[in-house]
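I have placed the structure first, in the form of structure tokens, so that the comments after it can refer back to it.
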Amino acid sequence: MKKILALLLLLPLLFACTPEKVVAELDSHAHGIHDHDRCNMCGMMITKYPGPKGQLQLNNVEANPSFCSTRDMFSFLLQPENARQVNQVWVHDMAATSWEDPQDEFFIDGKTATYVYGTSKKAVMGPAVASFSTPEAAEKFAEEYGGAVLEFDEITIELLGEGMGHH
């Protein structure tokens, strides 16, 4: 009887790790972007174009939306109805991967990344929003290719709208 009682007391501990916590743990990193994946914003094939890509984790959405450019990701992310749904942001660290073919193992936390906007480097859908893991890497890139070095919170819809005439 004591063994049964002890097991009953331990039973709630077995379920302490709720499925939500398990899912959140599994999804705390970006997923790979595959050759046939399309941009959540514009519908274009993501891997067909150069430059940094982006991916988001949204509340109550199983699949992480992916974007052909960090610019499209920000255009989606900065819409008020989407902003409050975003849990996590990932972007490529362009100091660690090729501009022509960014690799998914170099996804970094987009909220702590440093960005270069208005660079001469071409990406899809207008001016690139180049992403870097350190301010030093962003500054070095800006010296070489031009552009303004910005933090995550400094990228706005107004800023992105200014460059839309350059397709």
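Residue names in the structure tokens use chain letters A, B, ... in the order shown, residue numbers from 1 in each chain, and ligand numbers from 1 in the order shown.
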7 Å contact set for Gly110 of chain A, only C-alpha atoms, chain neighbours under 4 positions out, as a ChimeraX atom specification: /A:89-91
Close residues, Ala30 of chain A itself excluded, 10 Å, only C-alpha atoms, min 6 positions apart in chain, as a PDB file with N, CA and C atoms, in the first residue's frame:
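Below is the file result.pdb, written as the result:
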```pdb
ATOM      1  N   GLY A  54      15.258  35.495 -43.267  1.00  0.00           N
ATOM      2  CA  GLY A  54      14.731  35.594 -41.915  1.00  0.00           C
ATOM      3  C   GLY A  54      13.705  34.517 -41.650  1.00  0.00           C
ATOM      4  N   GLN A  55      13.487  34.243 -40.374  1.00  0.00           N
ATOM      5  CA  GLN A  55      12.482  33.268 -39.954  1.00  0.00           C
ATOM      6  C   GLN A  55      11.926  33.723 -38.610  1.00  0.00           C
ATOM      7  N   LEU A  56      10.632  33.477 -38.414  1.00  0.00           N
ATOM      8  CA  LEU A  56       9.968  33.890 -37.174  1.00  0.00           C
ATOM      9  C   LEU A  56       9.298  32.701 -36.518  1.00  0.00           C
ATOM     10  N   GLN A  57       9.153  32.793 -35.216  1.00  0.00           N
ATOM     11  CA  GLN A  57       8.302  31.850 -34.495  1.00  0.00           C
ATOM     12  C   GLN A  57       7.140  32.681 -33.967  1.00  0.00           C
ATOM     13  N   ASN A  64       7.179  27.666 -38.707  1.00  0.00           N
ATOM     14  CA  ASN A  64       7.852  28.961 -38.633  1.00  0.00           C
ATOM     15  C   ASN A  64       7.802  29.620 -40.006  1.00  0.00           C
ATOM     16  N   SER A  66       9.043  31.673 -43.016  1.00  0.00           N
ATOM     17  CA  SER A  66      10.378  32.027 -43.494  1.00  0.00           C
ATOM     18  C   SER A  66      10.240  33.078 -44.589  1.00  0.00           C
ATOM     19  N   GLN A  88       9.958  34.725 -31.489  1.00  0.00           N
ATOM     20  CA  GLN A  88      11.380  34.613 -31.769  1.00  0.00           C
ATOM     21  C   GLN A  88      11.658  35.075 -33.199  1.00  0.00           C
ATOM     22  N   VAL A  89      12.849  35.647 -33.380  1.00  0.00           N
ATOM     23  CA  VAL A  89      13.284  36.149 -34.684  1.00  0.00           C
ATOM     24  C   VAL A  89      14.663  35.566 -34.966  1.00  0.00           C
ATOM     25  N   TRP A  90      14.843  35.023 -36.168  1.00  0.00           N
ATOM     26  CA  TRP A  90      16.160  34.514 -36.572  1.00  0.00           C
ATOM     27  C   TRP A  90      16.552  35.142 -37.897  1.00  0.00           C
ATOM     28  N   VAL A  91      17.825  35.467 -38.024  1.00  0.00           N
ATOM     29  CA  VAL A  91      18.386  36.009 -39.265  1.00  0.00           C
ATOM     30  C   VAL A  91      19.761  35.377 -39.480  1.00  0.00           C
ATOM     31  N   ASP A 104      21.881  27.784 -43.230  1.00  0.00           N
ATOM     32  CA  ASP A 104      20.982  27.858 -42.078  1.00  0.00           C
ATOM     33  C   ASP A 104      21.641  27.591 -40.736  1.00  0.00           C
ATOM     34  N   GLU A 105      22.815  26.957 -40.718  1.00  0.00           N
ATOM     35  CA  GLU A 105      23.464  26.765 -39.419  1.00  0.00           C
ATOM     36  C   GLU A 105      23.986  28.093 -38.860  1.00  0.00           C
ATOM     37  N   PHE A 106      23.928  29.162 -39.673  1.00  0.00           N
ATOM     38  CA  PHE A 106      24.375  30.475 -39.226  1.00  0.00           C
ATOM     39  C   PHE A 106      23.208  31.409 -38.889  1.00  0.00           C
ATOM     40  N   PHE A 107      22.055  30.839 -38.559  1.00  0.00           N
ATOM     41  CA  PHE A 107      20.950  31.657 -38.046  1.00  0.00           C
ATOM     42  C   PHE A 107      21.302  32.118 -36.635  1.00  0.00           C
ATOM     43  N   ILE A 108      21.020  33.382 -36.346  1.00  0.00           N
ATOM     44  CA  ILE A 108      21.271  33.961 -35.024  1.00  0.00           C
ATOM     45  C   ILE A 108      19.997  34.645 -34.541  1.00  0.00           C
ATOM     46  N   ASP A 109      19.971  35.028 -33.287  1.00  0.00           N
ATOM     47  CA  ASP A 109      18.835  35.732 -32.699  1.00  0.00           C
ATOM     48  C   ASP A 109      18.719  37.112 -33.349  1.00  0.00           C
TER      49      ASP A 109
END
```
Two-atom distance - atom CA of Trp99 of chain A, atom CA of Gly51 of chain A (Å):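 If I compute the distance from atom CA of Trp99 of chain A to atom CA of Gly51 of chain A, I get 4.9 Å.
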Expected answer as an MDAnalysis selection string: helix (DSSP H, G or I) residues in segment 48-166 of chain A: chainID A and resid 70:77 80:83 104:106 135:145 152:154 157:162 164:166
Surrounding residues of Phe141 of chain A excluding itself and chain neighbours under 4 positions, 12 Å, only C-alpha atoms, as JSON, numbers by chain: {"A": [93, 94, 95, 99, 114, 115, 116, 117, 118, 119, 120, 121, 129, 130, 131, 132, 134, 135, 136, 137, 145, 146, 147, 148, 149]}
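Across the model, the gap from atom CA of Lys111 of chain A to atom CA of Asn40 of chain A is 19.3 Å.
Nearest-residue note for Gln79 of chain A: choosing from A:Ile33, A:Leu150, A:Ala113, A:Met41, the minimum distance belongs to A:Met41, counting only C-alpha atoms.
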Atomic distance atom CA of Ile157 of chain A - atom CA of Lys53 of chain A, expressed in Å with one decimal: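 Interatomic distance here is 17.8 Å.
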